[in-house]
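K.L.:
Take a look at query_32.csv, CSV, C-alpha atoms:
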```
chain,number,residue,atom,x,y,z
V,1,LYS,CA,19.2,-26.9,-13.5
V,2,PHE,CA,22.9,-25.9,-13.0
V,3,TYR,CA,22.8,-23.5,-15.9
V,4,SER,CA,19.5,-22.0,-14.9
V,5,TYR,CA,21.2,-21.0,-11.7
V,6,LEU,CA,24.4,-19.9,-13.4
V,7,PHE,CA,22.5,-17.6,-15.9
V,8,LYS,CA,20.8,-15.8,-13.1
V,9,CYS,CA,23.8,-15.2,-10.9
V,10,SER,CA,25.4,-11.7,-10.6
V,11,PRO,CA,28.8,-12.5,-12.1
V,12,TYR,CA,27.3,-14.0,-15.3
V,13,ILE,CA,24.8,-11.1,-15.7
V,14,GLN,CA,27.7,-8.6,-15.4
V,15,ALA,CA,29.8,-10.4,-17.9
V,16,LEU,CA,26.8,-10.5,-20.3
V,17,GLN,CA,26.1,-6.8,-19.9
V,18,SER,CA,29.8,-6.0,-20.6
V,19,THR,CA,29.3,-7.5,-24.1
V,20,SER,CA,26.4,-5.2,-25.0
V,21,ASN,CA,25.7,-1.6,-25.7
V,22,LEU,CA,22.4,-2.1,-23.9
V,23,VAL,CA,22.9,0.6,-21.4
V,24,ARG,CA,24.5,3.1,-23.7
V,25,ASP,CA,22.4,2.7,-26.9
V,26,GLY,CA,19.3,0.9,-25.6
V,27,GLN,CA,20.0,-2.1,-27.8
V,28,ALA,CA,18.6,-5.5,-27.1
V,29,LEU,CA,20.8,-8.5,-26.3
V,30,ARG,CA,21.5,-10.8,-29.2
V,31,PHE,CA,22.9,-14.3,-29.6
V,32,ASP,CA,26.3,-12.8,-30.3
V,33,ASN,CA,26.4,-11.3,-26.8
V,34,PHE,CA,25.7,-14.7,-25.3
V,35,SER,CA,28.4,-16.4,-27.4
V,36,GLN,CA,31.1,-14.0,-26.1
V,37,VAL,CA,30.7,-15.1,-22.5
V,38,CYS,CA,33.0,-18.0,-21.6
V,39,LEU,CA,31.5,-20.7,-19.4
V,40,ALA,CA,33.1,-23.2,-17.2
V,41,ILE,CA,32.3,-26.7,-18.4
V,42,ILE,CA,32.2,-29.1,-15.4
V,43,PRO,CA,31.2,-32.8,-15.2
V,44,ASP,CA,27.5,-33.5,-15.3
V,45,GLU,CA,27.6,-35.2,-11.9
V,46,GLU,CA,29.0,-32.1,-10.3
V,47,GLN,CA,26.5,-29.9,-12.1
V,48,ALA,CA,23.7,-32.0,-10.7
V,49,LYS,CA,25.3,-31.9,-7.2
V,50,ILE,CA,25.5,-28.1,-7.2
V,51,ALA,CA,21.9,-27.7,-8.6
V,52,ASN,CA,20.5,-30.1,-5.9
V,53,PHE,CA,22.5,-28.3,-3.2
V,54,LEU,CA,21.0,-24.9,-4.3
V,55,ASP,CA,17.5,-26.4,-4.6
V,56,HIS,CA,17.8,-27.5,-1.0
V,57,GLU,CA,19.4,-24.4,0.4
V,58,THR,CA,17.4,-21.8,-1.5
V,59,GLY,CA,14.3,-23.8,-0.6
V,60,LYS,CA,15.1,-23.2,3.1
V,61,ILE,CA,15.7,-19.5,2.5
V,62,ASP,CA,12.5,-19.2,0.4
V,63,ALA,CA,10.6,-20.8,3.3
V,64,LEU,CA,12.0,-18.2,5.7
V,65,ILE,CA,11.1,-15.4,3.4
V,66,GLU,CA,7.6,-16.7,3.1
V,67,LYS,CA,7.3,-16.8,6.9
V,68,GLN,CA,8.4,-13.1,7.1
V,69,GLN,CA,5.9,-12.2,4.4
V,70,GLN,CA,3.2,-13.9,6.3
V,71,LEU,CA,4.3,-12.1,9.5
V,72,ILE,CA,3.9,-8.7,7.6
V,73,LYS,CA,0.5,-9.7,6.4
V,74,LEU,CA,-0.6,-10.7,9.9
V,75,LEU,CA,0.8,-7.5,11.4
V,76,GLN,CA,-1.2,-5.4,8.9
V,77,GLU,CA,-4.3,-7.3,9.7
V,78,LYS,CA,-3.7,-6.9,13.4
V,79,ARG,CA,-3.0,-3.2,13.1
V,80,GLN,CA,-6.3,-2.7,11.2
V,81,ALA,CA,-8.2,-4.7,13.7
V,82,VAL,CA,-6.7,-2.7,16.6
V,83,ILE,CA,-7.5,0.6,14.9
V,84,SER,CA,-11.0,-0.5,13.9
V,85,HIS,CA,-11.8,-1.6,17.5
V,86,ALA,CA,-10.4,1.7,18.9
V,87,VAL,CA,-12.6,3.9,16.6
V,88,THR,CA,-15.7,1.9,17.0
V,89,LYS,CA,-15.5,0.7,20.7
V,90,GLY,CA,-13.2,3.2,22.3
V,91,LEU,CA,-10.3,2.7,24.7
V,92,ASN,CA,-12.1,1.9,27.9
V,93,PRO,CA,-13.2,-1.7,28.0
V,94,ALA,CA,-15.3,-1.0,31.2
V,95,ALA,CA,-17.4,1.7,29.5
V,96,PRO,CA,-21.2,1.2,29.5
V,97,MET,CA,-22.4,0.1,26.1
V,98,LYS,CA,-25.5,0.7,24.0
V,99,ASP,CA,-26.9,-0.7,20.7
V,100,SER,CA,-25.8,1.5,17.9
V,101,GLY,CA,-28.7,0.5,15.6
V,102,ILE,CA,-26.2,-0.2,12.8
V,103,ASP,CA,-25.7,-3.8,11.7
V,104,TRP,CA,-21.9,-3.5,11.0
V,105,LEU,CA,-21.2,-1.6,14.2
V,106,GLY,CA,-23.0,-3.4,16.9
V,107,GLN,CA,-22.6,-1.9,20.4
V,108,VAL,CA,-20.8,1.4,21.1
V,109,PRO,CA,-20.0,3.3,24.3
V,110,ALA,CA,-23.2,4.7,25.7
V,111,HIS,CA,-22.0,8.3,25.7
V,112,TRP,CA,-21.2,8.2,22.0
V,113,VAL,CA,-23.4,9.8,19.4
V,114,ILE,CA,-24.6,8.0,16.3
V,115,SER,CA,-24.9,10.6,13.5
V,116,GLN,CA,-25.3,10.8,9.8
V,117,LEU,CA,-22.2,12.4,8.3
V,118,LYS,CA,-24.3,15.3,6.8
V,119,PHE,CA,-25.1,16.5,10.3
V,120,LYS,CA,-21.4,16.8,11.1
V,121,THR,CA,-20.4,18.8,8.0
V,122,LEU,CA,-20.6,22.5,7.1
V,123,THR,CA,-20.6,21.7,3.4
V,124,MET,CA,-20.2,18.9,0.9
V,125,GLN,CA,-19.2,19.6,-2.7
V,126,THR,CA,-18.5,17.5,-5.7
V,127,GLY,CA,-15.8,18.5,-8.1
V,128,PRO,CA,-16.4,20.6,-11.3
V,129,PHE,CA,-18.5,19.0,-14.1
V,130,GLY,CA,-18.8,19.3,-17.8
V,131,SER,CA,-18.5,22.8,-19.1
V,132,GLN,CA,-16.9,24.0,-15.9
V,133,LEU,CA,-13.5,22.5,-16.8
V,134,HIS,CA,-12.2,21.8,-20.4
V,135,ALA,CA,-9.1,20.0,-21.6
V,136,GLU,CA,-7.6,23.3,-22.7
V,137,ASP,CA,-7.8,24.5,-19.1
V,138,TYR,CA,-5.0,22.1,-18.0
V,139,ILE,CA,-1.4,23.3,-17.8
V,140,GLU,CA,1.9,21.9,-16.5
V,141,ASN,CA,3.0,22.7,-12.9
V,142,GLY,CA,0.0,24.9,-12.0
V,143,VAL,CA,-2.6,24.6,-9.2
V,144,PRO,CA,-3.1,20.9,-8.6
V,145,LEU,CA,-6.5,19.2,-9.3
V,146,ILE,CA,-7.1,16.3,-6.9
V,147,ASN,CA,-8.8,13.3,-8.5
V,148,PRO,CA,-9.1,9.7,-7.1
V,149,ALA,CA,-5.7,8.7,-8.5
V,150,HIS,CA,-4.1,11.4,-6.5
V,151,ILE,CA,-5.4,10.1,-3.2
V,152,VAL,CA,-2.8,7.4,-2.1
V,153,ASN,CA,-2.8,5.8,1.3
V,154,GLY,CA,-4.4,8.8,3.0
V,155,ASN,CA,-2.0,11.3,1.2
V,156,LEU,CA,-2.5,13.7,-1.6
V,157,ILE,CA,0.0,13.1,-4.4
V,158,PRO,CA,-0.6,15.6,-7.3
V,159,GLU,CA,0.5,15.3,-10.9
V,160,LEU,CA,2.3,18.2,-12.6
V,161,ASN,CA,0.2,17.8,-15.8
V,162,CYS,CA,-3.1,17.7,-13.9
V,163,SER,CA,-3.2,21.3,-12.9
V,164,VAL,CA,-4.7,24.7,-13.9
V,165,ASP,CA,-3.7,28.3,-13.9
V,166,VAL,CA,-4.6,30.9,-11.3
V,167,ALA,CA,-7.4,32.3,-13.4
V,168,THR,CA,-9.1,28.9,-13.6
V,169,GLN,CA,-8.5,28.4,-9.9
V,170,ASN,CA,-10.3,31.7,-9.2
V,171,ARG,CA,-13.2,30.7,-11.5
V,172,LEU,CA,-13.5,27.4,-9.7
V,173,ALA,CA,-13.1,29.0,-6.2
V,174,ARG,CA,-16.0,27.0,-4.7
V,175,HIS,CA,-14.0,23.8,-5.4
V,176,LYS,CA,-10.9,25.1,-3.4
V,177,LEU,CA,-9.7,22.8,-0.6
V,178,ALA,CA,-9.0,24.1,2.9
V,179,ILE,CA,-6.8,22.7,5.6
V,180,GLY,CA,-8.8,20.1,7.5
V,181,ASP,CA,-11.2,19.3,4.6
V,182,LEU,CA,-11.8,15.7,3.8
V,183,ILE,CA,-11.5,14.8,0.2
V,184,LEU,CA,-12.9,11.5,-1.1
V,185,ALA,CA,-12.9,9.5,-4.3
V,186,ARG,CA,-16.3,9.5,-5.9
V,187,ARG,CA,-15.7,6.4,-8.1
V,188,GLY,CA,-13.6,3.3,-8.1
V,189,GLU,CA,-12.4,2.4,-4.6
V,190,LEU,CA,-15.0,4.1,-2.4
V,191,GLY,CA,-13.8,5.1,1.0
V,192,ARG,CA,-10.5,6.3,-0.4
V,193,CYS,CA,-9.9,9.6,1.2
V,194,ALA,CA,-7.4,12.0,2.8
V,195,VAL,CA,-7.3,15.0,5.0
V,196,VAL,CA,-6.1,18.3,3.5
V,197,ARG,CA,-2.8,19.4,5.2
V,198,GLU,CA,-0.7,22.6,5.3
V,199,GLY,CA,0.7,23.4,1.9
V,200,GLN,CA,-2.3,21.8,0.1
V,201,ALA,CA,-4.8,24.6,0.8
V,202,ASP,CA,-6.4,26.2,-2.3
V,203,TRP,CA,-5.7,23.1,-4.4
V,204,LEU,CA,-8.8,22.1,-6.3
V,205,CYS,CA,-11.2,19.2,-5.8
V,206,GLY,CA,-11.2,17.4,-9.1
V,207,THR,CA,-14.1,16.1,-11.2
V,208,GLY,CA,-13.8,12.6,-9.8
V,209,SER,CA,-13.6,13.7,-6.1
V,210,LEU,CA,-15.8,15.1,-3.4
V,211,LYS,CA,-14.8,17.4,-0.5
V,212,ALA,CA,-16.4,17.8,2.9
V,213,THR,CA,-15.8,20.6,5.4
V,214,LEU,CA,-16.4,19.2,8.9
V,215,LEU,CA,-17.9,20.7,12.0
V,216,GLU,CA,-15.6,21.1,15.0
V,217,SER,CA,-17.3,18.2,16.7
V,218,LEU,CA,-15.7,15.8,14.2
V,219,VAL,CA,-11.9,15.7,14.1
V,220,PRO,CA,-10.8,15.3,10.4
V,221,ASP,CA,-8.3,12.6,11.1
V,222,TYR,CA,-10.9,10.6,13.1
V,223,ALA,CA,-13.4,11.0,10.2
V,224,TYR,CA,-10.6,9.7,7.9
V,225,MET,CA,-10.1,6.6,10.0
V,226,LEU,CA,-13.8,5.9,10.1
V,227,ILE,CA,-14.5,6.4,6.4
V,228,SER,CA,-11.5,4.5,5.2
V,229,SER,CA,-12.3,1.5,7.4
V,230,GLU,CA,-13.5,-1.7,5.7
V,231,SER,CA,-16.9,-1.6,7.3
V,232,VAL,CA,-17.7,2.0,6.1
V,233,LYS,CA,-16.3,1.2,2.7
V,234,ASN,CA,-18.7,-1.7,2.4
V,235,GLU,CA,-21.6,0.5,3.4
V,236,LEU,CA,-20.6,3.1,0.8
V,237,SER,CA,-20.4,0.4,-1.8
V,238,LEU,CA,-23.9,-0.9,-1.0
V,239,GLU,CA,-25.4,2.6,-1.1
V,240,SER,CA,-23.4,3.9,-4.1
V,241,LYS,CA,-25.0,4.7,-7.4
V,242,GLY,CA,-24.1,3.4,-10.9
V,243,SER,CA,-24.6,0.0,-12.5
V,244,THR,CA,-21.2,-0.4,-14.1
V,245,MET,CA,-19.0,1.6,-11.7
V,246,GLU,CA,-19.7,2.5,-8.0
V,247,ASN,CA,-20.3,6.2,-7.8
V,248,LEU,CA,-20.4,8.3,-4.6
V,249,ASN,CA,-22.4,11.5,-4.3
V,250,THR,CA,-23.1,14.0,-1.5
V,251,GLU,CA,-26.5,12.4,-0.7
V,252,THR,CA,-25.0,8.9,-0.3
V,253,LEU,CA,-22.1,10.1,1.7
V,254,GLY,CA,-24.2,12.3,3.9
V,255,LYS,CA,-26.5,9.4,4.9
V,256,ILE,CA,-23.7,7.2,6.2
V,257,ARG,CA,-24.1,6.8,10.0
V,258,LEU,CA,-20.9,7.0,12.1
V,259,PRO,CA,-20.1,6.5,15.8
V,260,ILE,CA,-18.8,9.8,17.1
V,261,PRO,CA,-17.3,10.2,20.6
V,262,PRO,CA,-16.6,13.6,22.3
V,263,THR,CA,-13.8,15.5,20.5
V,264,GLN,CA,-11.4,15.0,23.4
V,265,GLU,CA,-11.9,11.3,23.3
V,266,GLN,CA,-11.5,11.4,19.5
V,267,GLN,CA,-8.1,12.9,20.0
V,268,GLU,CA,-7.2,10.4,22.7
V,269,ILE,CA,-8.0,7.6,20.3
V,270,LEU,CA,-5.9,9.2,17.5
V,271,ASP,CA,-3.0,9.5,19.9
V,272,PHE,CA,-3.4,5.8,20.8
V,273,VAL,CA,-3.5,4.8,17.1
V,274,ASP,CA,-0.4,6.9,16.4
V,275,LYS,CA,1.5,5.1,19.2
V,276,ILE,CA,0.4,1.6,18.3
V,277,SER,CA,1.0,2.3,14.6
V,278,CYS,CA,4.6,3.2,15.4
V,279,LYS,CA,5.1,-0.1,17.2
V,280,PHE,CA,3.6,-2.1,14.3
V,281,ASP,CA,5.8,-0.1,11.8
V,282,GLN,CA,8.9,-1.0,13.8
V,283,ILE,CA,8.1,-4.7,13.7
V,284,GLU,CA,7.2,-4.6,10.1
V,285,GLN,CA,10.4,-2.8,9.2
V,286,LEU,CA,12.4,-5.5,11.0
V,287,ALA,CA,10.6,-8.2,9.0
V,288,ARG,CA,11.2,-6.4,5.7
V,289,ARG,CA,14.9,-6.0,6.6
V,290,GLN,CA,15.1,-9.7,7.4
V,291,ILE,CA,13.6,-10.4,3.9
V,292,GLU,CA,16.2,-8.2,2.3
V,293,LEU,CA,19.0,-10.0,4.1
V,294,LEU,CA,17.6,-13.4,3.2
V,295,GLN,CA,17.4,-12.3,-0.4
V,296,GLU,CA,21.0,-11.1,-0.4
V,297,ARG,CA,22.0,-14.4,1.2
V,298,ARG,CA,20.2,-16.3,-1.5
V,299,THR,CA,21.9,-14.3,-4.3
V,300,ALA,CA,25.3,-14.7,-2.7
V,301,LEU,CA,24.9,-18.4,-2.2
V,302,ILE,CA,23.9,-19.0,-5.8
V,303,SER,CA,26.8,-17.0,-7.1
V,304,ALA,CA,29.3,-18.8,-4.8
V,305,ALA,CA,28.1,-22.2,-5.7
V,306,VAL,CA,27.9,-21.9,-9.5
V,307,THR,CA,31.3,-20.1,-9.7
V,308,GLY,CA,33.1,-22.7,-7.5
V,309,LYS,CA,33.7,-20.4,-4.5
V,310,ILE,CA,32.3,-23.1,-2.3
V,311,ASP,CA,32.9,-26.8,-2.8
V,312,VAL,CA,29.8,-28.9,-2.5
V,313,ARG,CA,31.1,-32.1,-4.0
V,314,ASP,CA,30.8,-33.9,-0.7
V,315,TRP,CA,27.4,-32.4,0.1
V,316,VAL,CA,24.7,-35.1,0.7
V,317,SER,CA,21.0,-34.3,0.6
V,318,PRO,CA,19.3,-34.8,4.0
V,319,THR,CA,16.7,-37.0,2.4
V,320,GLU,CA,19.5,-39.3,1.0
V,321,THR,CA,21.1,-39.4,4.5
V,322,LYS,CA,17.8,-40.4,6.1
V,323,ARG,CA,17.3,-43.1,3.5
V,324,ASP,CA,20.7,-44.5,4.0
V,325,ILE,CA,20.1,-44.7,7.8
```
Could you quickly redo this structure as structure tokens?
P.N.:
Amino acid sequence: KFYSYLFKCSPYIQALQSTSNLVRDGQALRFDNFSQVCLAIIPDEEQAKIANFLDHETGKIDALIEKQQQLIKLLQEKRQAVISHAVTKGLNPAAPMKDSGIDWLGQVPAHWVISQLKFKTLTMQTGPFGSQLHAEDYIENGVPLINPAHIVNGNLIPELNCSVDVATQNRLARHKLAIGDLILARRGELGRCAVVREGQADWLCGTGSLKATLLESLVPDYAYMLISSESVKNELSLESKGSTMENLNTETLGKIRLPIPPTQEQQEILDFVDKISCKFDQIEQLARRQIELLQERRTALISAAVTGKIDVRDWVSPTETKRDI
């Protein structure tokens, strides 16, 4: 146990790295490298004492880290629940309610409209298929094509090697994205989507994606929150086509029914979500910082104990103390 701690402490790892050309030449560590590092040989009893001390102290630190990780998980669940309630029930708890006619939705404010998405869009368009786009059309650092892998947590993250030249962009003009469009993954994780922002206009909807241009009565960011919610994801999954992989098409997406408040109320809900998300972010950042500090404390404690910077020869396990009493 003692040496399992010693071999993972920073001073030992640095000493081991200094014997190798690992960084410079990319060589692997060999037995000769290990044999060059001098080790302190201490009595077995003292080794056991240090190991038991570290087991106890790192166990306490690990328990604190686990609590912080649980807190982060609960915060994320709470955030999602607050957002989901806001976009499906509104912000006024005293508002008159009506049955939505949708199993997963239940009651909604009486003045909200329940509408299929196709009635709130100007166009829906899948990406280019088959002969429209060939392997030889792809270039480096051209006009980005957006496929499902490029839709990450509501953002568009293009790849340099998944792009085309301007001539191909013009040939595929009907697949161009415009600011405010919603772009969705057609396969894999249904409900994965993003709103097209400034600087992303005229990028192209990829083969694995689908784009929707919305009417003014549906705010893009509000549509994003609805479609990316777990409830709508489940609905899309049930309605999707394909026996081996879920597949989304314009017909399936268009049939999804959504609760839609007046546009001003949509914006009020978005403002509320932004505000509450900032609060959750601040608490989560504090929890993550606490985890970093605990991990640093754990690393420093191990290094100090195995290199003799702290003397634990008189340390007694709390369980032993209780037993003696």
K.L.:
Mind dumping a table of every region 194-269 of chain V residue within 9 Å of region 116-133 of chain V, with the nearest atom pair and its distance in Å to one decimal, using only C-alpha atoms, sorted by chain and rising number, as a Markdown table?
P.N.:
```
| residue | atom | partner | partner_atom | distance |
| --- | --- | --- | --- | --- |
| V:Leu204 | CA | V:Gly127 | CA | 8.1 |
| V:Cys205 | CA | V:Gly127 | CA | 5.2 |
| V:Gly206 | CA | V:Gly127 | CA | 4.8 |
| V:Thr207 | CA | V:Gly127 | CA | 4.3 |
| V:Gly208 | CA | V:Gly127 | CA | 6.5 |
| V:Ser209 | CA | V:Gly127 | CA | 5.6 |
| V:Leu210 | CA | V:Thr126 | CA | 4.3 |
| V:Lys211 | CA | V:Gln125 | CA | 5.4 |
| V:Ala212 | CA | V:Met124 | CA | 4.4 |
| V:Thr213 | CA | V:Thr123 | CA | 5.3 |
| V:Leu214 | CA | V:Thr121 | CA | 4.1 |
| V:Leu215 | CA | V:Thr121 | CA | 5.1 |
| V:Glu216 | CA | V:Lys120 | CA | 8.2 |
| V:Ser217 | CA | V:Lys120 | CA | 7.1 |
| V:Leu218 | CA | V:Lys120 | CA | 6.6 |
| V:Asn249 | CA | V:Thr126 | CA | 7.3 |
| V:Thr250 | CA | V:Met124 | CA | 6.2 |
| V:Glu251 | CA | V:Lys118 | CA | 8.3 |
| V:Leu253 | CA | V:Leu117 | CA | 7.0 |
| V:Gly254 | CA | V:Lys118 | CA | 4.2 |
| V:Lys255 | CA | V:Gln116 | CA | 5.2 |
| V:Ile256 | CA | V:Gln116 | CA | 5.3 |
| V:Arg257 | CA | V:Gln116 | CA | 4.2 |
| V:Leu258 | CA | V:Gln116 | CA | 6.3 |
```
K.L.:
Which polymer residues have any atom within 7 Å of an atom of region 10-20 of chain V, counting all atoms listed in the file, with same-chain residues fewer than 2 positions away left out, as a PyMOL selection string?
P.N.:
chain V and resi 6-8+22+29+33-34+37+303
K.L.:
For region 272-289 of chain V, find every residue with an atom within 10 Å (counting all atoms listed in the file), except residues of its own chain fewer than 4 positions away, and show them as a PyMOL selection string.
P.N.:
chain V and resi 65+67-76+78-80+82-84+86-87+91+225+266-268+293-295
K.L.:
Residues at most 12 Å from region 188-190 of chain V, counting all atoms listed in the file, excluding those fewer than 5 positions away in the same chain, as a VMD selection string?
P.N.:
chain V and resid 147 to 149 151 to 153 183 208 to 210 227 to 242 244 to 249 252 to 253
K.L.:
For the selection just defined, write its residues with C-alpha atoms to a file, as a short mmCIF file (atom, residue, chain, number, x, y, z; two decimals), in the coordinates of the input.
P.N.:
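Result saved to again03.cif:
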```cif
data_model
loop_
_atom_site.label_atom_id
_atom_site.label_comp_id
_atom_site.auth_asym_id
_atom_site.auth_seq_id
_atom_site.Cartn_x
_atom_site.Cartn_y
_atom_site.Cartn_z
CA ASN V 147 -8.80 13.30 -8.50
CA PRO V 148 -9.10 9.70 -7.10
CA ALA V 149 -5.70 8.70 -8.50
CA ILE V 151 -5.40 10.10 -3.20
CA VAL V 152 -2.80 7.40 -2.10
CA ASN V 153 -2.80 5.80 1.30
CA ILE V 183 -11.50 14.80 0.20
CA GLY V 208 -13.80 12.60 -9.80
CA SER V 209 -13.60 13.70 -6.10
CA LEU V 210 -15.80 15.10 -3.40
CA ILE V 227 -14.50 6.40 6.40
CA SER V 228 -11.50 4.50 5.20
CA SER V 229 -12.30 1.50 7.40
CA GLU V 230 -13.50 -1.70 5.70
CA SER V 231 -16.90 -1.60 7.30
CA VAL V 232 -17.70 2.00 6.10
CA LYS V 233 -16.30 1.20 2.70
CA ASN V 234 -18.70 -1.70 2.40
CA GLU V 235 -21.60 0.50 3.40
CA LEU V 236 -20.60 3.10 0.80
CA SER V 237 -20.40 0.40 -1.80
CA LEU V 238 -23.90 -0.90 -1.00
CA GLU V 239 -25.40 2.60 -1.10
CA SER V 240 -23.40 3.90 -4.10
CA LYS V 241 -25.00 4.70 -7.40
CA GLY V 242 -24.10 3.40 -10.90
CA THR V 244 -21.20 -0.40 -14.10
CA MET V 245 -19.00 1.60 -11.70
CA GLU V 246 -19.70 2.50 -8.00
CA ASN V 247 -20.30 6.20 -7.80
CA LEU V 248 -20.40 8.30 -4.60
CA ASN V 249 -22.40 11.50 -4.30
CA THR V 252 -25.00 8.90 -0.30
CA LEU V 253 -22.10 10.10 1.70
#
```
K.L.:
What is the CA of Thr319 (chain V)-CA of Phe2 (chain V) distance in Å, reported with one decimal?
P.N.:
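If I compute the distance from CA of Thr319 (chain V) to CA of Phe2 (chain V), I get 20.0 Å.
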K.L.:
Using only C-alpha atoms, find the one residue out of V:Leu172, V:Ile260, V:Leu301, V:Ala28 that sits nearest to Trp112 (chain V).
P.N.:
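Distance minimum relative to Trp112 (chain V) lands on V:Ile260.
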K.L.:
Report, in Å to a single decimal, how far apart CA of Arg187 (chain V) and CA of Leu105 (chain V) are.
P.N.:
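Between CA of Leu105 (chain V) and CA of Arg187 (chain V) the gap is 24.3 Å.
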K.L.:
Point out the residue among V:Thr307, V:Ile157, V:Arg171, V:Gly142 with the least atom-to-atom distance to Leu39 (chain V), counting all atoms listed in the file.
P.N.:
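The answer is V:Thr307, which sits nearest to Leu39 (chain V).
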